[in-house]
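To keep things clear, I will list the structure first and then write my remarks on it.
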Amino acid sequence: MPKVLVVGASRGLGLALVEELRSRSSISVIATVRGSIPLEGIDTLTDVDISSDDSIAAAAQHPLVKELDVIIYLSINVVSPHRVVSAFLPALRKGEDKKIVFISSRAGSLHTQIGNTFGFMGPYTVTKAGCNMLAEGFIIVPVHPGWVATDMGKLLGGGIEPKDSAQGIVRVVEGLKREDSAKFFQFDGTLLPW
């Protein structure tokens with residue numbers, strides 16, 4: 001049974017991913033949350049602060065994460081994904097699947113930024129592109145979740161439901177092969193340009 005760690009599952013897309021993974025009986029799910037309240041029915045690492053080396057190191061030593069097959073990481077900056085993957089790498093090396101999935105954005109595609117008329121997205125775009133470029137080794141892919149109706153997505157109007165995005169992301173993760181490493185996927189499996 002693959003063991004999947006979802007980093008950033010307190011709400012929105014992260015929580016939807018946990019719920020989608022939990023619905024599949026063949027997958028063991030562990031979630032990290034910022035607060036001290038665990039998710040009901042899910043092995044939860046609470047009070048995980050991804051901006052703190054000490055917090056991440058403590059979470060990586062938790063007995064639940066001795067061995068991992070997949071890490072799905074939700075965040076908007078470059079430093080924290082590197083920090084999290086480095087801390088959990090020993091557990092991932094013990095797993096069979098060895099997949100790391102960064103939830104990214106089309107905004108991280110250098111190709112799609114040419115002629116962008118959407119407005120100033122500099123910092124957001126740079127952090128997503130930087131996260132995409134961390135995809136080296138193992139089976140590591142960035143995945144654009146679509147325009148999701150989370151707290152952030154609702155501010156800009158519209159979007160697909162987190163559940164629909166999560167279902168697509170899980171299908172992408174389940175279908176990943178070695179030759180897919182470092183490719184940039186959309187939640188529906190479409191390949192995106194770098």
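Convention: chains lettered A, B, ... in structure tokens order; per-chain residue numbering from 1; ligands numbered from 1 as shown.
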Leu74 in chain A surroundings by only C-alpha atoms, 8 Å radius, close-in-sequence under 5 positions cut, as number ranges by chain: A: 6-8, 14, 102-104
Since we have the selection now, will you write its residues out, keeping C-alpha atoms, as a compact mmCIF listing (two decimals), in the first residue's frame?
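This is the output file result.txt:
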# COMPACT_ATOMS: atom_id res chain seq x y z
CA VAL A 6 0.42 15.69 1.83
CA VAL A 7 2.26 18.77 3.11
CA GLY A 8 -0.19 21.65 3.56
CA GLY A 14 -4.59 20.30 0.30
CA PHE A 102 4.95 20.10 -6.22
CA ILE A 103 1.63 21.86 -6.66
CA SER A 104 2.70 24.60 -9.05
From A:Val18, A:Leu92, A:Leu156, A:Val173, residue lying nearest Thr32 in chain A [only C-alpha atoms]: A:Val18
Test item: residues at most 9 Å from range 20-24 of chain A, only C-alpha atoms, excluding those fewer than 5 positions along its chain, as number ranges by chain: A: 4, 15, 29, 41-42, 163, 166-167, 170
Who sits within 12 Å of Asp54 in chain A, only C-alpha atoms, same chain under 5 positions skipped, as JSON, numbers by chain: {"A": [47, 48, 49, 59, 60, 61, 83, 84, 87]}
Among listed residues A:Pro162, A:Gly35, A:Pro2, A:Gly189, nearest Val148 in chain A (using only C-alpha atoms):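 Nearest to Val148 in chain A: A:Pro162.
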Gly157 in chain A environment, 12 Å, only C-alpha atoms, sequence neighbours closer than 6 positions dropped, as a ChimeraX atom specification: /A:147-151
Distance criterion (only C-alpha atoms): nearest to Glu19 in chain A out of A:Ala91, A:Ser165, A:Lys99, A:Ser86: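 Looking at the shortest contact to Glu19 in chain A, the residue is A:Ser165.
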Selection: 8 Å around Val172 in chain A, only C-alpha atoms, excl. self and same-chain fewer than 2 positions, as JSON, numbers by chain: {"A": [168, 169, 170, 174, 175, 176, 185, 187, 188, 189]}
Nearest residue to Leu39 in chain A from the set A:Leu17, A:Val143, A:Ala9, A:Leu64 (distances using only C-alpha atoms): A:Ala9
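When only C-alpha atoms are used to measure the gap to Pro90 in chain A, the shortest distance among A:His62, A:Gly12, A:Val33, A:Glu67 belongs to A:Glu67.
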One-decimal distance in Å that lies between CA of Pro142 in chain A and CA of Gln186 in chain A: 8.5 Å
Option closest in space to Val70 in chain A, from A:Asp53, A:Asp43, A:Glu96, A:Glu179 [counting only C-alpha atoms]: A:Glu96
